[in-house]
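entry-v5.pdb follows; it contains PDB, C-alpha atoms.
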```pdb
ATOM      1  CA  LYS A  27     110.400 113.625  84.295
ATOM      2  CA  TRP A  28     109.676 110.456  86.297
ATOM      3  CA  PHE A  29     106.494 111.845  87.843
ATOM      4  CA  ARG A  30     105.262 112.825  84.362
ATOM      5  CA  ALA A  31     106.002 109.364  82.953
ATOM      6  CA  ALA A  32     104.144 107.696  85.817
ATOM      7  CA  ALA A  33     101.287 110.242  85.734
ATOM      8  CA  GLU A  34     100.699 109.780  82.028
ATOM      9  CA  GLN A  35     100.414 106.016  82.602
ATOM     10  CA  GLY A  36      97.655 106.623  85.152
ATOM     11  CA  ASP A  37      99.755 106.070  88.291
ATOM     12  CA  VAL A  38      98.012 107.916  91.135
ATOM     13  CA  TRP A  39     101.231 108.703  93.017
ATOM     14  CA  GLY A  40     102.838 109.963  89.818
ATOM     15  CA  GLN A  41      99.827 112.213  89.230
ATOM     16  CA  PHE A  42      99.966 113.555  92.767
ATOM     17  CA  GLY A  43     103.726 114.082  92.573
ATOM     18  CA  LEU A  44     103.497 115.857  89.226
ATOM     19  CA  ALA A  45     100.711 118.113  90.524
ATOM     20  CA  THR A  46     102.810 118.993  93.552
ATOM     21  CA  CYS A  47     105.796 119.819  91.317
ATOM     22  CA  TYR A  48     103.625 122.148  89.252
ATOM     23  CA  ARG A  49     102.395 123.798  92.437
ATOM     24  CA  GLU A  50     105.706 124.060  94.309
ATOM     25  CA  VAL A  51     108.672 124.202  91.916
ATOM     26  CA  ALA A  52     109.145 127.811  90.807
ATOM     27  CA  SER A  53     110.889 127.001  87.529
ATOM     28  CA  ILE A  54     107.920 124.958  86.241
ATOM     29  CA  ARG A  55     105.074 126.448  88.306
ATOM     30  CA  ASN A  56     101.773 126.069  86.477
ATOM     31  CA  TYR A  57      98.629 126.098  88.595
ATOM     32  CA  GLU A  58      96.350 124.906  85.803
ATOM     33  CA  GLU A  59      98.517 121.817  85.317
ATOM     34  CA  ALA A  60      98.678 121.307  89.090
ATOM     35  CA  ALA A  61      94.868 121.350  89.333
ATOM     36  CA  LYS A  62      94.594 119.024  86.310
ATOM     37  CA  TRP A  63      96.863 116.403  87.878
ATOM     38  CA  TYR A  64      95.349 116.786  91.361
ATOM     39  CA  ARG A  65      91.972 116.079  89.736
ATOM     40  CA  ALA A  66      93.355 112.975  88.012
ATOM     41  CA  ALA A  67      94.674 111.640  91.333
ATOM     42  CA  ALA A  68      91.572 112.772  93.243
ATOM     43  CA  GLU A  69      89.311 110.884  90.854
ATOM     44  CA  GLN A  70      91.314 107.772  91.739
ATOM     45  CA  ASN A  71      90.479 108.401  95.428
ATOM     46  CA  HIS A  72      93.857 109.821  96.473
ATOM     47  CA  LEU A  73      92.714 111.544  99.676
ATOM     48  CA  THR A  74      95.416 114.200  99.850
ATOM     49  CA  ALA A  75      94.871 115.052  96.175
ATOM     50  CA  GLN A  76      91.161 115.475  96.919
ATOM     51  CA  CYS A  77      92.032 117.885  99.701
ATOM     52  CA  TYR A  78      94.440 119.868  97.488
ATOM     53  CA  LEU A  79      91.929 119.969  94.631
ATOM     54  CA  GLY A  80      89.376 121.326  97.088
ATOM     55  CA  MET A  81      91.851 124.014  98.128
ATOM     56  CA  CYS A  82      92.409 124.891  94.447
ATOM     57  CA  TYR A  83      88.655 125.500  94.116
ATOM     58  CA  LEU A  84      88.582 127.364  97.429
ATOM     59  CA  GLU A  85      91.290 129.791  96.354
ATOM     60  CA  GLY A  86      90.607 129.812  92.602
ATOM     61  CA  ILE A  87      94.088 128.506  91.824
ATOM     62  CA  GLY A  88      94.288 126.781  88.460
ATOM     63  CA  VAL A  89      90.492 126.477  88.333
ATOM     64  CA  PRO A  90      87.628 128.967  88.681
ATOM     65  CA  GLN A  91      86.860 129.662  92.329
ATOM     66  CA  ASP A  92      83.901 127.532  93.391
ATOM     67  CA  TYR A  93      83.118 127.156  97.094
ATOM     68  CA  GLY A  94      80.581 124.386  96.495
ATOM     69  CA  LYS A  95      83.120 122.241  94.636
ATOM     70  CA  ALA A  96      85.753 123.088  97.237
ATOM     71  CA  PHE A  97      83.439 121.894  99.999
ATOM     72  CA  GLU A  98      82.595 118.657  98.188
ATOM     73  CA  TRP A  99      86.208 117.731  97.410
ATOM     74  CA  ILE A 100      87.330 118.440 100.969
ATOM     75  CA  ARG A 101      84.331 116.680 102.533
ATOM     76  CA  LYS A 102      85.369 113.323 101.053
ATOM     77  CA  PRO A 103      88.751 113.003 102.815
ATOM     78  CA  ALA A 104      87.344 114.630 105.975
ATOM     79  CA  GLU A 105      84.784 111.849 106.265
ATOM     80  CA  LEU A 106      87.644 109.352 105.917
ATOM     81  CA  GLU A 107      89.479 110.828 108.919
ATOM     82  CA  VAL A 108      92.074 113.034 107.175
ATOM     83  CA  PRO A 109      92.863 115.639 109.887
ATOM     84  CA  LYS A 110      93.694 118.604 107.601
ATOM     85  CA  ALA A 111      90.505 118.009 105.625
ATOM     86  CA  GLN A 112      88.514 117.834 108.863
ATOM     87  CA  LEU A 113      89.957 121.164 109.954
ATOM     88  CA  LEU A 114      89.159 122.739 106.581
ATOM     89  CA  LEU A 115      85.620 121.377 106.670
ATOM     90  CA  GLY A 116      85.204 122.856 110.136
ATOM     91  CA  GLN A 117      86.375 126.216 108.823
ATOM     92  CA  PHE A 118      83.874 125.982 105.970
ATOM     93  CA  TYR A 119      81.065 125.606 108.521
ATOM     94  CA  LEU A 120      82.596 128.245 110.776
ATOM     95  CA  ASN A 121      82.700 130.867 108.036
ATOM     96  CA  GLY A 122      79.790 129.751 105.862
ATOM     97  CA  ILE A 123      81.959 128.941 102.841
ATOM     98  CA  GLY A 124      80.119 126.736 100.342
ATOM     99  CA  VAL A 125      77.689 125.756 103.080
ATOM    100  CA  ALA A 126      75.459 127.488 105.626
ATOM    101  CA  LYS A 127      77.221 128.681 108.792
ATOM    102  CA  ASP A 128      76.855 126.107 111.530
ATOM    103  CA  HIS A 129      78.958 126.542 114.655
ATOM    104  CA  ASP A 130      78.007 123.145 116.047
ATOM    105  CA  LYS A 131      79.202 121.351 112.905
ATOM    106  CA  ALA A 132      82.273 123.587 112.796
ATOM    107  CA  PHE A 133      83.177 122.567 116.328
ATOM    108  CA  GLU A 134      82.530 118.892 115.558
ATOM    109  CA  TRP A 135      84.908 118.825 112.578
ATOM    110  CA  ILE A 136      87.580 120.957 114.208
ATOM    111  CA  TYR A 137      87.449 118.713 117.281
ATOM    112  CA  LYS A 138      88.001 115.631 115.096
ATOM    113  CA  SER A 139      91.080 117.253 113.577
ATOM    114  CA  ALA A 140      92.477 118.309 116.952
ATOM    115  CA  LYS A 141      91.928 114.850 118.467
ATOM    116  CA  GLN A 142      94.160 113.462 115.708
ATOM    117  CA  LYS A 143      96.940 115.799 116.875
ATOM    118  CA  ASP A 144      96.702 118.230 113.962
ATOM    119  CA  SER A 145      98.495 121.268 115.410
ATOM    120  CA  GLU A 146      96.426 123.802 113.444
ATOM    121  CA  GLY A 147      93.266 121.961 114.460
ATOM    122  CA  GLN A 148      94.324 122.154 118.100
ATOM    123  CA  VAL A 149      94.775 125.924 117.877
ATOM    124  CA  GLU A 150      91.442 126.326 116.094
ATOM    125  CA  LEU A 151      89.756 124.190 118.771
ATOM    126  CA  GLY A 152      91.338 126.395 121.421
ATOM    127  CA  ARG A 153      89.822 129.408 119.666
ATOM    128  CA  CYS A 154      86.431 127.692 119.675
ATOM    129  CA  TYR A 155      86.640 127.278 123.454
ATOM    130  CA  LEU A 156      87.970 130.814 123.847
ATOM    131  CA  ASN A 157      85.118 132.365 121.865
ATOM    132  CA  GLY A 158      82.277 129.940 122.635
ATOM    133  CA  ILE A 159      81.955 128.660 119.059
ATOM    134  CA  GLY A 160      79.842 125.506 119.078
ATOM    135  CA  VAL A 161      80.667 125.030 122.765
ATOM    136  CA  SER A 162      80.515 126.981 126.016
ATOM    137  CA  LYS A 163      83.403 129.363 126.606
ATOM    138  CA  ASP A 164      86.121 127.656 128.627
ATOM    139  CA  HIS A 165      89.474 129.394 128.981
ATOM    140  CA  ASP A 166      91.081 126.386 130.664
ATOM    141  CA  LYS A 167      90.228 124.099 127.734
ATOM    142  CA  ALA A 168      91.286 126.803 125.274
ATOM    143  CA  PHE A 169      94.689 126.986 126.964
ATOM    144  CA  GLU A 170      95.013 123.213 127.066
ATOM    145  CA  TRP A 171      94.371 122.715 123.344
ATOM    146  CA  ILE A 172      96.596 125.595 122.316
ATOM    147  CA  ARG A 173      99.345 124.254 124.588
ATOM    148  CA  LYS A 174      99.153 120.882 122.804
ATOM    149  CA  SER A 175      99.829 122.607 119.498
ATOM    150  CA  ALA A 176     102.748 124.600 120.908
ATOM    151  CA  GLU A 177     104.268 121.438 122.385
ATOM    152  CA  GLN A 178     104.394 119.970 118.885
ATOM    153  CA  GLY A 179     106.573 122.896 117.833
ATOM    154  CA  ALA A 180     103.898 124.589 115.706
ATOM    155  CA  ALA A 181     104.664 128.301 115.340
ATOM    156  CA  ILE A 182     100.958 129.218 115.386
ATOM    157  CA  GLY A 183     100.520 127.226 118.599
ATOM    158  CA  GLN A 184     103.514 128.932 120.209
ATOM    159  CA  PHE A 185     102.231 132.353 119.189
ATOM    160  CA  GLU A 186      98.705 131.689 120.460
ATOM    161  CA  LEU A 187     100.047 130.205 123.701
ATOM    162  CA  GLY A 188     102.138 133.333 124.143
ATOM    163  CA  LYS A 189      98.936 135.363 123.870
ATOM    164  CA  CYS A 190      97.373 133.155 126.562
ATOM    165  CA  TYR A 191     100.280 133.875 128.916
ATOM    166  CA  LEU A 192     100.280 137.557 128.056
ATOM    167  CA  ASN A 193      96.532 137.947 128.684
ATOM    168  CA  GLY A 194      96.049 135.384 131.468
ATOM    169  CA  ILE A 195      93.802 133.093 129.422
ATOM    170  CA  GLY A 196      93.533 129.763 131.219
ATOM    171  CA  VAL A 197      96.808 130.470 133.006
ATOM    172  CA  LYS A 198      98.314 133.065 135.309
ATOM    173  CA  THR A 199      99.708 136.068 133.414
ATOM    174  CA  ASN A 200     103.415 135.592 132.716
ATOM    175  CA  GLU A 201     105.035 138.151 130.419
ATOM    176  CA  LYS A 202     108.390 136.322 130.323
ATOM    177  CA  ALA A 203     106.758 133.068 129.219
ATOM    178  CA  ALA A 204     104.779 135.043 126.628
ATOM    179  CA  PHE A 205     107.933 136.705 125.310
ATOM    180  CA  ASP A 206     109.788 133.386 125.110
ATOM    181  CA  LEU A 207     106.913 131.797 123.174
ATOM    182  CA  PHE A 208     106.694 134.746 120.781
ATOM    183  CA  CYS A 209     110.435 134.400 120.115
ATOM    184  CA  LYS A 210     110.070 130.647 119.457
ATOM    185  CA  ALA A 211     107.213 131.315 117.070
ATOM    186  CA  ALA A 212     109.176 134.003 115.254
ATOM    187  CA  LYS A 213     112.154 131.665 114.780
TER     188      LYS A 213
END
```
Rewrite the structure of this file - the entire thing - as C-alpha coordinates.
Amino acid sequence: KWFRAAAEQGDVWGQFGLATCYREVASIRNYEEAAKWYRAAAEQNHLTAQCYLGMCYLEGIGVPQDYGKAFEWIRKPAELEVPKAQLLLGQFYLNGIGVAKDHDKAFEWIYKSAKQKDSEGQVELGRCYLNGIGVSKDHDKAFEWIRKSAEQGAAIGQFELGKCYLNGIGVKTNEKAAFDLFCKAAK
(Lines of atoms letter the chains of each structure in order from A and count residues from 1; the text may use other names and numbers.)
(Lines give C-alpha, C1' and ligand atoms only; values in the text may rest on other atoms or scores of the structure.)
Protein backbone atom coordinates (compact mmCIF):
# COMPACT_ATOMS: atom_id res chain seq x y z
CA LYS A 1 0.00 0.00 0.00
CA TRP A 2 2.71 2.50 0.99
CA PHE A 3 5.06 1.46 -1.81
CA ARG A 4 2.21 1.87 -4.32
CA ALA A 5 1.33 5.34 -3.01
CA ALA A 6 4.96 6.44 -3.24
CA ALA A 7 5.49 4.74 -6.63
CA GLU A 8 2.48 6.41 -8.18
CA GLN A 9 3.84 9.79 -7.06
CA GLY A 10 7.09 9.08 -8.91
CA ASP A 11 9.21 8.19 -5.87
CA VAL A 12 12.09 6.02 -7.11
CA TRP A 13 12.38 4.01 -3.88
CA GLY A 14 8.63 3.44 -3.86
CA GLN A 15 8.82 2.20 -7.45
CA PHE A 16 11.69 -0.14 -6.63
CA GLY A 17 9.95 -1.41 -3.50
CA LEU A 18 6.68 -2.00 -5.32
CA ALA A 19 8.49 -3.86 -8.12
CA THR A 20 10.23 -6.05 -5.56
CA CYS A 21 6.89 -6.82 -3.86
CA TYR A 22 5.42 -7.88 -7.19
CA ARG A 23 8.44 -10.09 -7.80
CA GLU A 24 8.79 -11.63 -4.33
CA VAL A 25 5.46 -11.70 -2.48
CA ALA A 26 3.57 -14.83 -3.55
CA SER A 27 0.10 -13.49 -2.77
CA ILE A 28 0.49 -10.55 -5.19
CA ARG A 29 3.16 -11.91 -7.55
CA ASN A 30 2.87 -10.28 -10.96
CA TYR A 31 5.99 -10.23 -13.12
CA GLU A 32 4.59 -7.79 -15.66
CA GLU A 33 3.92 -5.26 -12.90
CA ALA A 34 7.36 -5.95 -11.40
CA ALA A 35 9.05 -5.21 -14.74
CA LYS A 36 6.89 -2.09 -15.21
CA TRP A 37 7.93 -0.63 -11.85
CA TYR A 38 11.58 -1.69 -12.23
CA ARG A 39 11.57 0.21 -15.54
CA ALA A 40 10.09 3.29 -13.86
CA ALA A 41 12.83 3.25 -11.21
CA ALA A 42 15.53 2.32 -13.74
CA GLU A 43 14.62 5.29 -15.92
CA GLN A 44 15.26 7.47 -12.86
CA ASN A 45 18.78 5.97 -12.64
CA HIS A 46 18.13 3.59 -9.74
CA LEU A 47 21.12 1.29 -10.30
CA THR A 48 19.71 -1.83 -8.67
CA ALA A 49 16.44 -1.41 -10.58
CA GLN A 50 18.47 -1.19 -13.80
CA CYS A 51 20.16 -4.45 -12.90
CA TYR A 52 16.85 -6.17 -12.08
CA LEU A 53 15.23 -4.85 -15.26
CA GLY A 54 18.16 -6.28 -17.20
CA MET A 55 17.61 -9.63 -15.50
CA CYS A 56 13.91 -9.47 -16.45
CA TYR A 57 14.95 -9.10 -20.10
CA LEU A 58 17.59 -11.80 -19.71
CA GLU A 59 15.10 -14.34 -18.39
CA GLY A 60 11.98 -13.09 -20.20
CA ILE A 61 10.19 -12.42 -16.92
CA GLY A 62 7.42 -9.86 -17.26
CA VAL A 63 8.84 -8.69 -20.60
CA PRO A 64 9.77 -10.47 -23.83
CA GLN A 65 13.22 -12.03 -23.59
CA ASP A 66 15.74 -9.71 -25.22
CA TYR A 67 19.45 -10.29 -24.64
CA GLY A 68 20.44 -6.98 -26.22
CA LYS A 69 18.20 -5.00 -23.86
CA ALA A 70 19.36 -7.15 -20.95
CA PHE A 71 22.98 -6.35 -21.76
CA GLU A 72 22.31 -2.61 -22.07
CA TRP A 73 20.39 -2.33 -18.79
CA ILE A 74 23.02 -4.30 -16.88
CA ARG A 75 25.94 -2.46 -18.52
CA LYS A 76 24.86 0.86 -16.99
CA PRO A 77 25.20 -0.12 -13.31
CA ALA A 78 28.27 -2.26 -14.08
CA GLU A 79 30.07 0.81 -15.40
CA LEU A 80 29.14 2.59 -12.16
CA GLU A 81 30.84 -0.08 -10.04
CA VAL A 82 27.83 -2.19 -8.97
CA PRO A 83 29.45 -5.59 -8.23
CA LYS A 84 26.49 -7.85 -9.15
CA ALA A 85 26.07 -5.99 -12.44
CA GLN A 86 29.79 -6.35 -13.14
CA LEU A 87 29.56 -10.09 -12.56
CA LEU A 88 26.52 -10.37 -14.84
CA LEU A 89 28.24 -8.34 -17.54
CA GLY A 90 31.23 -10.66 -17.29
CA GLN A 91 28.94 -13.65 -17.72
CA PHE A 92 27.38 -12.02 -20.78
CA TYR A 93 30.84 -11.80 -22.37
CA LEU A 94 31.76 -15.27 -21.12
CA ASN A 95 28.74 -16.91 -22.72
CA GLY A 96 28.13 -14.57 -25.66
CA ILE A 97 24.73 -13.40 -24.42
CA GLY A 98 23.62 -10.20 -26.16
CA VAL A 99 27.22 -9.57 -27.16
CA ALA A 100 30.04 -11.44 -28.89
CA LYS A 101 31.98 -13.88 -26.69
CA ASP A 102 35.09 -12.23 -25.34
CA HIS A 103 37.00 -14.03 -22.61
CA ASP A 104 39.29 -11.08 -21.94
CA LYS A 105 36.35 -8.75 -21.30
CA ALA A 106 34.62 -11.48 -19.30
CA PHE A 107 37.65 -11.78 -17.05
CA GLU A 108 37.93 -8.00 -16.71
CA TRP A 109 34.34 -7.58 -15.50
CA ILE A 110 34.35 -10.64 -13.27
CA TYR A 111 37.61 -9.44 -11.71
CA LYS A 112 36.03 -6.05 -10.93
CA SER A 113 33.15 -7.79 -9.17
CA ALA A 114 35.44 -10.09 -7.19
CA LYS A 115 37.70 -7.21 -6.10
CA GLN A 116 34.62 -5.60 -4.54
CA LYS A 117 34.14 -8.73 -2.43
CA ASP A 118 31.13 -10.07 -4.33
CA SER A 119 31.14 -13.72 -3.23
CA GLU A 120 29.67 -15.02 -6.50
CA GLY A 121 32.18 -12.91 -8.43
CA GLN A 122 35.01 -14.41 -6.39
CA VAL A 123 33.89 -17.95 -7.25
CA GLU A 124 33.50 -17.04 -10.92
CA LEU A 125 36.98 -15.49 -10.91
CA GLY A 126 38.32 -18.67 -9.35
CA ARG A 127 36.74 -20.61 -12.22
CA CYS A 128 38.40 -18.26 -14.70
CA TYR A 129 41.80 -19.05 -13.19
CA LEU A 130 40.95 -22.75 -13.00
CA ASN A 131 39.96 -22.96 -16.66
CA GLY A 132 42.23 -20.31 -18.19
CA ILE A 133 39.39 -17.98 -19.21
CA GLY A 134 40.85 -14.59 -20.09
CA VAL A 135 43.94 -15.43 -18.04
CA SER A 136 46.54 -18.18 -17.76
CA LYS A 137 45.49 -21.21 -15.75
CA ASP A 138 46.59 -20.83 -12.14
CA HIS A 139 45.27 -23.30 -9.58
CA ASP A 140 46.75 -21.37 -6.66
CA LYS A 141 44.89 -18.18 -7.62
CA ALA A 142 41.73 -20.19 -8.31
CA PHE A 143 41.90 -21.62 -4.79
CA GLU A 144 42.61 -18.22 -3.27
CA TRP A 145 39.60 -16.51 -4.87
CA ILE A 146 37.25 -19.37 -4.11
CA ARG A 147 38.49 -19.42 -0.51
CA LYS A 148 37.62 -15.71 -0.18
CA SER A 149 34.04 -16.48 -1.17
CA ALA A 150 33.79 -19.40 1.26
CA GLU A 151 35.15 -17.25 4.09
CA GLN A 152 32.24 -14.87 3.56
CA GLY A 153 29.87 -17.75 4.25
CA ALA A 154 28.66 -18.09 0.65
CA ALA A 155 27.30 -21.60 0.04
CA ILE A 156 28.60 -21.64 -3.55
CA GLY A 157 32.06 -20.65 -2.29
CA GLN A 158 32.01 -23.38 0.35
CA PHE A 159 30.92 -25.97 -2.20
CA GLU A 160 33.56 -24.94 -4.74
CA LEU A 161 36.25 -24.83 -2.05
CA GLY A 162 35.22 -28.33 -1.03
CA LYS A 163 35.82 -29.42 -4.62
CA CYS A 164 39.28 -27.83 -4.47
CA TYR A 165 40.14 -29.85 -1.35
CA LEU A 166 38.64 -33.01 -2.79
CA ASN A 167 40.58 -32.72 -6.07
CA GLY A 168 43.78 -31.06 -4.81
CA ILE A 169 43.26 -27.83 -6.74
CA GLY A 170 45.63 -25.21 -5.36
CA VAL A 171 45.83 -27.13 -2.09
CA LYS A 172 46.82 -30.56 -0.83
CA THR A 173 43.98 -33.10 -1.14
CA ASN A 174 42.01 -33.27 2.11
CA GLU A 175 38.81 -35.32 2.02
CA LYS A 176 37.78 -34.35 5.57
CA ALA A 177 38.05 -30.63 4.79
CA ALA A 178 36.10 -31.25 1.58
CA PHE A 179 33.37 -33.10 3.46
CA ASP A 180 33.12 -30.38 6.10
CA LEU A 181 32.80 -27.68 3.42
CA PHE A 182 30.15 -29.66 1.54
CA CYS A 183 28.17 -29.97 4.78
CA LYS A 184 28.45 -26.21 5.44
CA ALA A 185 27.28 -25.48 1.91
CA ALA A 186 24.36 -27.87 2.24
CA LYS A 187 23.23 -26.23 5.50
Residue nearest A:Glu69 - candidates A:Gln41, A:Ser162, A:Asn56, A:Thr46, atoms counted: only C-alpha atoms: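 The answer is A:Gln41, which sits nearest to A:Glu69.
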Reference answer for the PyMOL selection byres ((chain A and resi 164-170) around 8), as JSON, numbers by chain: {"A": [151, 152, 153, 154, 155, 156, 158, 162, 163, 171, 172, 173, 174, 187, 190, 195, 196, 197]}
Expected axis-aligned box over every listed atom of stretch 170-185 of chain A, 6 Å added per side, centre plus edges in Å to one decimal, as JSON:
```
{"center_x": 100.5, "center_y": 126.2, "center_z": 121.2, "size_x": 24.2, "size_y": 24.4, "size_z": 23.7}
```
Who sits within 6 Å of A:Ala45, only C-alpha atoms, same chain under 3 positions skipped, as a PyMOL selection string: chain A and resi 42+48+60+63-64
Given the PyMOL selection byres ((chain A and resi 101-117) around 6), the residues it picks as a ChimeraX atom specification: /A:73,97-100,118-121,132,135-136,139,147
Counting all atoms listed in the file, the residue of A:Ala211, A:Glu146, A:Val161, A:Phe185 that sits nearest A:Asp130: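 Nearest candidate to A:Asp130 out of A:Ala211, A:Glu146, A:Val161, A:Phe185: A:Val161.
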Nearest-residue call for A:Ile87, choices A:Ala68, A:Ala61, A:Ala75, A:Ala140, using only C-alpha atoms: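 Under the stated criterion, the closest residue is A:Ala61.
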Point-to-point distance in Å for atom CA of A:Lys198 and atom CA of A:Gly179: 21.8 Å
Distance in Å - atom CA of A:Ala66 versus atom CA of A:Tyr93: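 For atom CA of A:Ala66 relative to atom CA of A:Tyr93, the distance reads 19.7 Å.
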Nearby residues, (108.5, 132.5, 122.6) file frame, 12 Å, all atoms listed in the file, as a PyMOL selection string: chain A and resi 176-177+179-192+200-213
